[in-house]
Structure formats: structure tokens, C-alpha cells
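Colleague: Here it is: the structure, laid out below.
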Amino acid sequence: MKPGKVVASFDSATGMLRALSRFLHGRDVPLIGQGPAWAEPWASAVLGLANRLPRPLQEKAYAASGWAEAVPPNRVGDIRSDDLARWVTGHYPRRRGQVAFVGSSNGALVHLAAAVAAPWLPQTLLIPVRRRGVHPDEPRRDLLATQEAGNALTSANPDLVLHQMHDANQDRLMIAGMTYFRVKWRRLPEAYRRFLEASLEPGATLVVVECGLRRPVTRVGPRHVFQHGALGGATPREYEEGGPRVADYLRRYGSPHRGWDYPPVDEESPEAEWGFEPSLLPDLRELAARNGWRLLRLRFTEPEELSPVVADLYRDRYRRRDLPADRLLAECFLLLEPWWTLRSGSVPYWMVFNTEPSLASLTGYLDRSDPFAEIRLLLFSHGVESVGLASIEQWRQVLARAEKVGVFTGGDPRAHPRDFAGLARAHRELSRIRTTYPIPPPLPWPDAEAFLTARLGSLQDDE
Amino acid sequence: MRVNRRDLVVDGLTVAGHRRRGPGGAVVCVHGAGVSSRELLPFVDALGERHDTWALDLPGFGASTKPSRPLTLPTLADVVAAWVTETGLERPCLLGGSFGCQVVVDIAVRHPELVSALVLAGPTVDPHSRSPVRLAGQWLRNSVREDPRMVPLNVADYRDAGLRRVLGTFGESIRDRIEDKLPLVTVPTLVVRGEYDRLVPQPWAEEATRLLPRGRLVIMEGLPHMTPYRDPRGLARIVTDFLAEVRT
């Protein structure tokens with residue numbers, strides 16, 4: 001199977017890979033990197049019509065779009081991790097530099113990598129696998145129905161760990177017809193090794209991006225775990241034990257259940273989407289030692305911990321260039337625009353998702369920062385009024401904190417969280433900002449490192 | 001409607017004023033190109049509950065004197081400034097609709113002592129659209145979302161003003177470079193844009209606000225260019241909140 005067809009295009013890791021690799025090619029990200037800029041008006045019109053469909057049809061269309069790109073279960077055994085790794089490295093331009101990143105997916109990291117013009121190789125990818133006849137609120141049946149496909153994948157790929165993920169809260173529409181196989185490399189794939197050797201000069205720095213987020217899982221096999229829920233609006237406890245918010249949510253969606261019956265928790269494991277699996281470290285150590293590179297570990301406990309640091313790095317840098325540094329671009333999930341961030345002189349603040357915890361992280365950053373004249377919000381719509389979804393009114397209050405302009409960029413607040421046109425309109429509206437600035441040359445890595453070290457005690461040389 | 005008319009002779013020209021006298025500070029509204037206060041009367045009525053609200057017919061339009069030649073933008077601005085002085089209003093807030101924004105910005109730049117704040121409802125002209133053909137296209141695209149009940153009012157306004165004056169004011173509006181003046185406006189200024197306003201694209205509304213040293217942008221969802229006519233109460237609420245903030 002073609003790797004591009006295996007990996008979900010509508011996912012954090014691939015979205016970030018596209019955004020960063022396009023930036024390194026000197027390009028922006030129209031249609032979340034899925035199509036040319038000239039198709040934007042058409043996509044925007046078509047998706048705008050989708051925004052007006054009756055809700056049941058919208059939900060079916062959304063689910064169908066996900067299902068269409070999922071892998072049939074009988075083809076899972078044909079997937080080869082080496083092909084996936086080659087596909088990843090194939091995104092990047094060939095050039096040599098002083099730094100490269102490998103590890104956890106993170107939107108703030110994409111901006112850090114863009115600032116220093118360095119590539120990032122994801123440890124995790126999402127492989128959606130088709131599955132029929134399982135109600136989204138029945139995680140045990142999801143596991144039963146897909147165990148065979150899981151076995152096929154892990155047997156064919158000894159270098160992968162399978163983190164199967166079941167989130168009936170935020171992925172409700174998507175998991176109606178498929179399951180989420182998130183795979184993490186526990187050994188460094190050959191294509192990554194060759195790419196890093198071709199990209200890094202002697203004496204360069206290889207930064208391991210290690211998000212320490214962990215989640216309760218059920219162990220299915222030596223390299224297969226089943227994760228209960230995901231990072232977002234609901235707490236780990238709510239996934240396990242339910243609660244009034246969960247019961248209310250399930251009632252609203254007409255579910256026969258009032259909680260989720262996950263299989264028993266065996267242990268905690270690196271979080272499927274964002275967490276770093278440390279068994280990759282020995283291979284990275286060996287590679288760095290052999291090539292005379294410094295191995296630096298960028299460790300943080302949860303994904304948004306990097307966001308204020310990278311935002312401040314950008315702000316500091318604009319101020320040094322005597323630019324206003326008064327524009328904030330709040331990005332959400334895979335709605336990332338590194339090229340327009342720099343072009344518009346915006347300070348990027350990345351949020352994991354559109355939930356109350358992410359809103360609180362953004363609000364906390366605004367509380368601690370000098371005021372912004374402009375705040376633009378790229379709000380991701382995932383189709384579900386899920387537990388912990390931040391309301392439009394709450395987002396409006398954040399935008400009202402801008403001194404001059406606080407706007408939803410590309411988003412239609414009335415359609416959220418079923419604003420599918422936002423995917424096409426986010427870049428389009430961002431690219432129409434009038435006041436722009438020259439894109440600066442790459443920030444020298446030592447400058448970026450000094451800034452990060454001062455802010456993050458956990459950025460350290462590997463010992 | 002509780003709006004009364006009061007005329008005043010300024011610089012030898014009779015200026016028709018439409019007023020609803022509310023308890024709060026004065027707000028003086030200036031209409032767009034070719035039209036008159038007719039379209040602003042529902043808004044004057046709504047805002048007049050809280051503020052001493054006026055809408056003026058610029059010379060040549062509505063019920064005001066018709067000079068033999070169309071007046072230039074600076075002259076129109078001077079007449080409004082003289083009107084403010086003459087009436088003894090103490091530093092009112094000036095609210096412009098469309099071309100009226102260009103008039104009130106000109107006043108705020110050249111007579112800053114007369115003004116306490118500005119509201120720019122649909123500020124024309126977007127510098128990227130400074131051509132008659134483009135503006136006509138935008139005007140047509142915008143008109144499909146305007147309230148059809150406004151058409152007879154527009155027709156009456158155009159009839160009052162005459163073709164030559166209507167075209168002359170559009171010419172003035174295209175020639176005036178509001179973007180050069182916005183950075184010189186020192187008073188707090190609220191920019192209001194209807195979400196579907198085709199004459200004032202979102203990037204221009206944002207840029208105009210950015211150019212204003214003390215600007216703030218408010219988007220009125222679901223509305224076209226003529227926000228005062230389409231949602232007089234909504235706009236009155238926004239203006240009232242803004243003025244309350246400015247005065248504290």
C-alpha cells in the first residue's frame with residue numbers, strides 16, 4: 001500500500017509534517033496542505049454548503065470523509081514501517097544544517113523548527129483502520145473487532161508499538177466506522193537514520209522531543225496497548241468512571257449508554273498521540289555518538305507546555321527586529337501556518353484542541369503577557385459537541401482581550417463545532433492580512449537554545 | 001419615532017439636523033455618499049434613548065441647502081465642524097456611516113479639539129478598491145444583502161441630491177485617502193463592520209483599525225454594509241458600551 005494512503009492525512013502528526021516541510025520549501029499551507037491555493041475558493045464554497053446541511057447529514061459526511069481514507073482491515077498486514085519512514089523524510093528538502101528534531105508531535109515545536117529552519121521527524125503516525133458494526137460508545141467491542149488487524153500490524157513491523165486509541169468523546173463521528181491505530185517507532189527506522197546523516201553537519205545537535213504525557217491503557221500484547229480516551233475536554237477519570245458531563249453528552253447523542261465500559265486498566269503508557277516512547281532513545285544515542293552530534297533532550301510534561309515558550313521566543317525575536325510584536329495567532333490542533341505566522345509578524349500560540357483546558361492555557365498566557373493589539377484565532381472543528389468543548393462565547397471573551405482586533409480567522413462561529421469550511425478558509429483569510437513583514441533568515445540554533453534553556457529547565461544534554 | 005428636526009444655518013448654508021435627545025453625551029451621525037439622514041433615523045431613535053443623538057444632512061443632501069456645485073470633502077467636514085461649534089455641543093462623538101466615516105475622520109484630524117471619540121460604521125474606501133468599476137461591483141454584491149425597504153429611501157435621497165451631486169460625492173470618496181489620515185486620529189475610535197459588507201472587506205477593516213492609534217474593531221454578524229439601518233438597536237448597544245468605556 002502507498003504510505004500516503006495508509007497514514008491519516010487529517011491528523012496532528014501529518015498536519016504538522018506538511019506545515020513544517022512546506023515552510024522549509026518556502027511555501028505556505030493552503031487547504032491544510034492538502035491542495036493548491038487556487039482550489040481554495042472552490043473548496044471553501046463546497047465546504048460552505050456542507051456547513052448548511054442538516055446536522056445528521058453533516059455528521060454522516062464528516063464520518064464518511066474519515067472512513068474513505070481508512071485502511072481496510074485485510075490490508076493492514078501489508079503496511080511496512082520502512083515505507084512510512086521514507087514517506088515522512090520525502091517531505092523535506094535536502095540540505096544540511098546545525099539542528100534537527102525527532103520525537104513527539106507538537107504544534108509549538110513546528111514553530112520552533114520553522115524559526116531555526118530545521119526538520120522534525122515524528123515518532124508517531126496515525127493509521128485509521130476500517131471497522132464495522134461497533135457502536136462508538138462500546139470500546140471493548142472495538143478492541144475485539146480489531147485485534148486481528150492489530151496482530152497483523154505488529155507482527156509485520158517489529159519496530160513499531162501500536163497504541164490503539166478509542167475516544168468516544170471527541171472522535172465520536174470518526175470512530176463510527178473505523179478505529180485509530182497510532183504507531184510509534186521504538187527503533188530508529190533506516191530512512192530516518194539516512195535522512196539525519198544527510199541533513200546534519202558534524203558537531204550538529206539532534207534534539208529529542210519528549211512529551212511525558214501518559215494515559216491509562218489495557219495491555220493487548222507485548223507491542224500493543226489500548227488507550228482509554230484521549231487528551232482533550234474530558235478527564236482520564238471521566239473516561240473510566242463516567243460522570244454527569246459524560247452522561248449528559250451520551251444522552252444528547254442518543255446513546256443507549258451513560259458511561260464507557262473500557263476494559264480494565266493494566267498500566268500507564270506514553271499517550272498515543274502526543275507522548276514520547278523512550279525505547280527509541282538508545283538508537284538515537286548510538287547514531288549521535290557515531291556521527292559526533294550532540295544529543296539534546298527537550299522534555300516537557302504535556303503538549304501545551306511548549307506553547308508559551310515558543311510564543312515568547314517569537315515575540316522576543318520580533319522586538320529585536322523592531323517589529324510591533326503585538327499580533328497573536330492562536331492556532332488549534334492541525335490548523336498551523338508557520339509561513340504566514342512569520343510573514344504577518346504574528347506570535348504563535350498553539351493549542352492542542354478546541355477544549356476548555358486549551359482555552360485556559362491560552363487565557364493563562366494572555367494573563368502573563370503584555371497585551372496584544374490583535375488576536376486571531378484559528379479554531380478547529382471536529383464535528384462533535386463533546387465533553388469539555390469550549391463555547392464560542394468563551395472564545396469571544398478571549399478575542400475581546402485584543403486591544404484593537406480580535407477575530408475568528410476563517411471560522412464561522414455559528415457553525416462551530418461543525419464548521420467544515422474553516423479548514424479551507426483559515427489560510428485564505430490569514431493570507432489576506434495587509435500589514436506584512438519580510439520573513440527573517442533562520443534563527444541560529446545557539447540563540448534559540450539559549451532562550452529555551454532559560455525558560456525550560458528540562459532542556460538538557462543527554463547523559 | 002421620537003426624532004425631531006432642527007435646522008441651523010452654518011456658513012450661510014442651512015443644515016438639517018434630526019435629533020432624539022437622550023440623557024447621555026452627544027453623538028452626531030454623518031451619512032454616506034449620495035444619501036441622507038433618512039437611513040439613519042431608526043438608529044438615531046434607538047441611540048437617542050441613551051444619548052443626545054443627532055443625524056445631519058450634509059449640504060446638498062436630504063433637507064439641507066443645495067449649493068450650486070457639489071462640495072468637496074474638506075468643505076463638508078468644515079461645515080460639520082462649524083455646526084458642532086455653533087450648536088455648542090461639548091466634544092461630541094462623531095459617527096460616520098460609509099462615506100460619512102471619511103468626513104468624520106477629516107474632522108478629527110483637522111479639528112481634534114471638537115471631538116471626543118469616533119465611530120466608523122463601514123469605513124470607505126478600501127485602498128485596494130479605489131476604482132469606480134471595482135466599487136460598483138462591490139456595491140452590487142453588497143446590495144443583495146441589504147434590507148429591500150431601504151431602496152425607496154435611497155431613491156428619494158438620490159432624487160433630492162441629483163445625479164451630478166451623487167456622482168460628485170462618489171468621486172470625492174474615491175479621491176480621499178482615509179488610510180493616510182487614520183494614523184493621525186488621536187481620539188478613541190470604534191470601527192464597525194457588517195460581516196457580509198462587500199464594500200469594506202475584512203482585511204481592510206482590520207488594517208484601518210490597526211492604523212488608528214486608539215482603534216478597536218467590532219464585527220456585526222450576519223449584516224451587510226448599512227449596519228445602522230439593518231440593526232439600529234444592535235449598533236446602538238455597541239456604541240453605548242463603547243462610549244461608556246471611553247468615558248471611564
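Chain identifiers are assigned as A, B, and so on, following the order in which chains appear in the C-alpha cells; residues are numbered from 1 within each chain, and ligands are numbered from 1 in order of appearance.
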What residues in chain B have any atom no more than 8 Å from chain A when counting only C-alpha atoms, and can you write them as a list of chain:residue names?
Modeller: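 So the residues of chain B near chain A are B:Pro203, B:Trp204, B:Glu206, B:Glu207, B:Thr209, B:Arg210, B:Arg214, B:Gly215, B:Arg216, B:Leu217, B:Val218.
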Colleague: Excluding same-chain residues fewer than 3 positions from segment 325-336 of chain A, what lies within 7 Å of it counting only C-alpha atoms, as a list in words?
Modeller: Asp11, Ser12, Gly15, Met16, Ala19, Ile32, Arg315, Tyr318, Arg319, Gly345, Ser346, Val347, Pro348, Tyr349, Trp350, Met351, Val352, Phe353, Asn354, Phe372, Ala373, Glu374, Ile375, Arg376, Leu377, Leu378, Leu379 and Phe380 of chain A
Colleague: Take the residues that were just selected and, keeping C-alpha atoms, output them as a PDB file, in the first residue's frame.
Modeller:
ATOM      1  CA  ASP A  11      -4.229  14.101  11.799  1.00  0.00           C
ATOM      2  CA  SER A  12      -1.918  16.087  14.051  1.00  0.00           C
ATOM      3  CA  GLY A  15      -0.728  18.084   9.515  1.00  0.00           C
ATOM      4  CA  MET A  16       2.398  19.221  11.343  1.00  0.00           C
ATOM      5  CA  ALA A  19       3.090  22.528   7.635  1.00  0.00           C
ATOM      6  CA  ILE A  32      -4.196  22.430   5.451  1.00  0.00           C
ATOM      7  CA  ARG A 315       7.847  37.871  20.434  1.00  0.00           C
ATOM      8  CA  TYR A 318      10.205  40.457  16.623  1.00  0.00           C
ATOM      9  CA  ARG A 319      11.141  43.025  19.248  1.00  0.00           C
ATOM     10  CA  GLY A 345       4.741  39.158  12.263  1.00  0.00           C
ATOM     11  CA  SER A 346       2.457  37.055  14.474  1.00  0.00           C
ATOM     12  CA  VAL A 347       3.291  35.439  17.780  1.00  0.00           C
ATOM     13  CA  PRO A 348       2.119  31.806  17.505  1.00  0.00           C
ATOM     14  CA  TYR A 349       0.335  30.195  20.437  1.00  0.00           C
ATOM     15  CA  TRP A 350      -0.571  26.593  19.714  1.00  0.00           C
ATOM     16  CA  MET A 351      -3.416  24.788  21.464  1.00  0.00           C
ATOM     17  CA  VAL A 352      -3.856  21.029  21.428  1.00  0.00           C
ATOM     18  CA  PHE A 353      -7.568  21.260  20.750  1.00  0.00           C
ATOM     19  CA  ASN A 354     -10.702  23.388  20.998  1.00  0.00           C
ATOM     20  CA  PHE A 372      -1.741  42.150  22.185  1.00  0.00           C
ATOM     21  CA  ALA A 373      -3.250  44.660  19.757  1.00  0.00           C
ATOM     22  CA  GLU A 374      -4.519  41.834  17.559  1.00  0.00           C
ATOM     23  CA  ILE A 375      -5.634  38.310  18.407  1.00  0.00           C
ATOM     24  CA  ARG A 376      -6.556  35.917  15.623  1.00  0.00           C
ATOM     25  CA  LEU A 377      -7.988  32.519  16.382  1.00  0.00           C
ATOM     26  CA  LEU A 378      -7.818  29.535  14.057  1.00  0.00           C
ATOM     27  CA  LEU A 379     -10.427  27.313  15.676  1.00  0.00           C
ATOM     28  CA  PHE A 380     -10.564  23.654  14.671  1.00  0.00           C
TER      29      PHE A 380
END
Colleague: Please report the interatomic distance between atom CA of Ala289 of chain A and atom CA of Gly203 of chain A in Å with one decimal.
Modeller: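 So the answer is 10.3 Å.
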Colleague: Extract, using only C-alpha atoms, all DNA, RNA and protein residues at most 9 Å from Gly162 of chain B, discarding same-chain residues fewer than 6 positions from it, and format them as a short mmCIF file (atom, residue, chain, number, x, y, z; two decimals) with C-alpha atoms, in the first residue's frame.
Modeller:
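Done, and the output landed in out_19.cif:
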data_model
loop_
_atom_site.label_atom_id
_atom_site.label_comp_id
_atom_site.auth_asym_id
_atom_site.auth_seq_id
_atom_site.Cartn_x
_atom_site.Cartn_y
_atom_site.Cartn_z
CA GLY B 34 -25.38 60.39 -2.24
CA GLY B 60 -26.58 69.20 -0.92
CA PHE B 61 -28.40 66.19 0.53
#
Colleague: If I take atom CA of Pro308 of chain A and atom CA of Leu389 of chain A, how far is one from the other in Å, to one decimal?
Modeller: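 About the pair atom CA of Pro308 of chain A and atom CA of Leu389 of chain A: they are 21.5 Å apart.
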Colleague: Select from segment 24-123 of chain B everything DSSP, run on the backbone, classes as helix (DSSP H, G or I), then give the selection as a compact mmCIF listing (two decimals) with N, CA and C atoms, in the first residue's frame.
Modeller:
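Once everything was written out, this is states-v7.txt:
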# COMPACT_ATOMS: atom_id res chain seq x y z
N SER B 37 -29.83 61.58 5.88
CA SER B 37 -30.09 61.03 7.21
C SER B 37 -31.27 60.06 7.24
N ARG B 38 -32.00 59.97 6.14
CA ARG B 38 -33.19 59.10 6.13
C ARG B 38 -32.88 57.70 6.66
N GLU B 39 -31.77 57.13 6.14
CA GLU B 39 -31.43 55.76 6.51
C GLU B 39 -30.93 55.66 7.95
N LEU B 40 -30.57 56.83 8.55
CA LEU B 40 -30.02 56.79 9.90
C LEU B 40 -31.07 57.04 10.98
N LEU B 41 -32.29 57.44 10.55
CA LEU B 41 -33.29 57.83 11.56
C LEU B 41 -33.64 56.71 12.55
N PRO B 42 -33.81 55.45 12.08
CA PRO B 42 -34.09 54.40 13.08
C PRO B 42 -32.97 54.27 14.11
N PHE B 43 -31.74 54.49 13.65
CA PHE B 43 -30.61 54.39 14.57
C PHE B 43 -30.60 55.57 15.54
N VAL B 44 -30.91 56.78 15.02
CA VAL B 44 -30.98 57.96 15.90
C VAL B 44 -32.03 57.71 16.98
N ASP B 45 -33.14 57.11 16.56
CA ASP B 45 -34.20 56.82 17.52
C ASP B 45 -33.71 55.83 18.58
N ALA B 46 -32.97 54.80 18.13
CA ALA B 46 -32.52 53.77 19.08
C ALA B 46 -31.45 54.33 20.02
N LEU B 47 -30.47 55.01 19.48
CA LEU B 47 -29.39 55.51 20.33
C LEU B 47 -29.87 56.67 21.19
N LEU B 73 -14.83 67.20 0.02
CA LEU B 73 -14.86 66.54 1.32
C LEU B 73 -14.39 67.47 2.44
N PRO B 74 -13.27 68.21 2.26
CA PRO B 74 -12.85 69.09 3.35
C PRO B 74 -13.89 70.17 3.66
N THR B 75 -14.59 70.65 2.62
CA THR B 75 -15.61 71.66 2.88
C THR B 75 -16.77 71.06 3.68
N LEU B 76 -17.19 69.85 3.29
CA LEU B 76 -18.25 69.18 4.04
C LEU B 76 -17.83 69.01 5.50
N ALA B 77 -16.56 68.62 5.68
CA ALA B 77 -16.06 68.41 7.04
C ALA B 77 -16.07 69.73 7.81
N ASP B 78 -15.69 70.82 7.13
CA ASP B 78 -15.67 72.13 7.80
C ASP B 78 -17.08 72.56 8.20
N VAL B 79 -18.05 72.25 7.35
CA VAL B 79 -19.43 72.62 7.68
C VAL B 79 -19.88 71.87 8.93
N VAL B 80 -19.58 70.58 8.99
CA VAL B 80 -19.98 69.80 10.17
C VAL B 80 -19.26 70.33 11.42
N ALA B 81 -17.97 70.65 11.24
CA ALA B 81 -17.21 71.17 12.39
C ALA B 81 -17.83 72.49 12.86
N ALA B 82 -18.18 73.35 11.91
CA ALA B 82 -18.79 74.64 12.26
C ALA B 82 -20.15 74.41 12.93
N TRP B 83 -20.86 73.40 12.44
CA TRP B 83 -22.17 73.07 13.04
C TRP B 83 -21.99 72.66 14.51
N VAL B 84 -20.97 71.85 14.76
CA VAL B 84 -20.71 71.40 16.14
C VAL B 84 -20.40 72.62 17.03
N THR B 85 -19.56 73.52 16.52
CA THR B 85 -19.21 74.71 17.29
C THR B 85 -20.44 75.56 17.55
N GLU B 86 -21.21 75.75 16.50
CA GLU B 86 -22.39 76.61 16.57
C GLU B 86 -23.42 76.08 17.57
N THR B 87 -23.63 74.78 17.58
CA THR B 87 -24.63 74.22 18.49
C THR B 87 -24.13 74.18 19.93
N PHE B 99 -19.27 56.71 3.54
CA PHE B 99 -18.52 57.93 3.20
C PHE B 99 -18.49 58.90 4.38
N GLY B 100 -19.53 58.85 5.22
CA GLY B 100 -19.57 59.69 6.41
C GLY B 100 -18.34 59.46 7.30
N CYS B 101 -17.78 58.25 7.25
CA CYS B 101 -16.56 57.96 8.02
C CYS B 101 -15.41 58.85 7.55
N GLN B 102 -15.36 59.04 6.22
CA GLN B 102 -14.27 59.86 5.67
C GLN B 102 -14.42 61.31 6.14
N VAL B 103 -15.69 61.76 6.24
CA VAL B 103 -15.94 63.12 6.70
C VAL B 103 -15.53 63.27 8.16
N VAL B 104 -15.95 62.32 9.00
CA VAL B 104 -15.67 62.49 10.43
C VAL B 104 -14.18 62.30 10.73
N VAL B 105 -13.52 61.44 9.96
CA VAL B 105 -12.07 61.28 10.16
C VAL B 105 -11.36 62.59 9.80
N ASP B 106 -11.80 63.23 8.72
CA ASP B 106 -11.21 64.50 8.32
C ASP B 106 -11.39 65.56 9.42
N ILE B 107 -12.57 65.54 10.05
CA ILE B 107 -12.81 66.49 11.14
C ILE B 107 -11.89 66.18 12.32
N ALA B 108 -11.80 64.89 12.65
CA ALA B 108 -10.99 64.51 13.83
C ALA B 108 -9.53 64.86 13.63
N VAL B 109 -9.07 64.86 12.37
CA VAL B 109 -7.67 65.17 12.11
C VAL B 109 -7.44 66.68 12.12
N ARG B 110 -8.37 67.42 11.53
CA ARG B 110 -8.14 68.87 11.40
C ARG B 110 -8.75 69.69 12.54
N PRO B 112 -9.26 68.41 16.02
CA PRO B 112 -9.31 67.39 17.09
C PRO B 112 -9.97 67.91 18.37
N GLU B 113 -9.95 69.22 18.55
CA GLU B 113 -10.49 69.77 19.80
C GLU B 113 -12.01 69.66 19.87
N LEU B 114 -12.65 69.38 18.72
CA LEU B 114 -14.12 69.34 18.70
C LEU B 114 -14.69 67.96 19.02
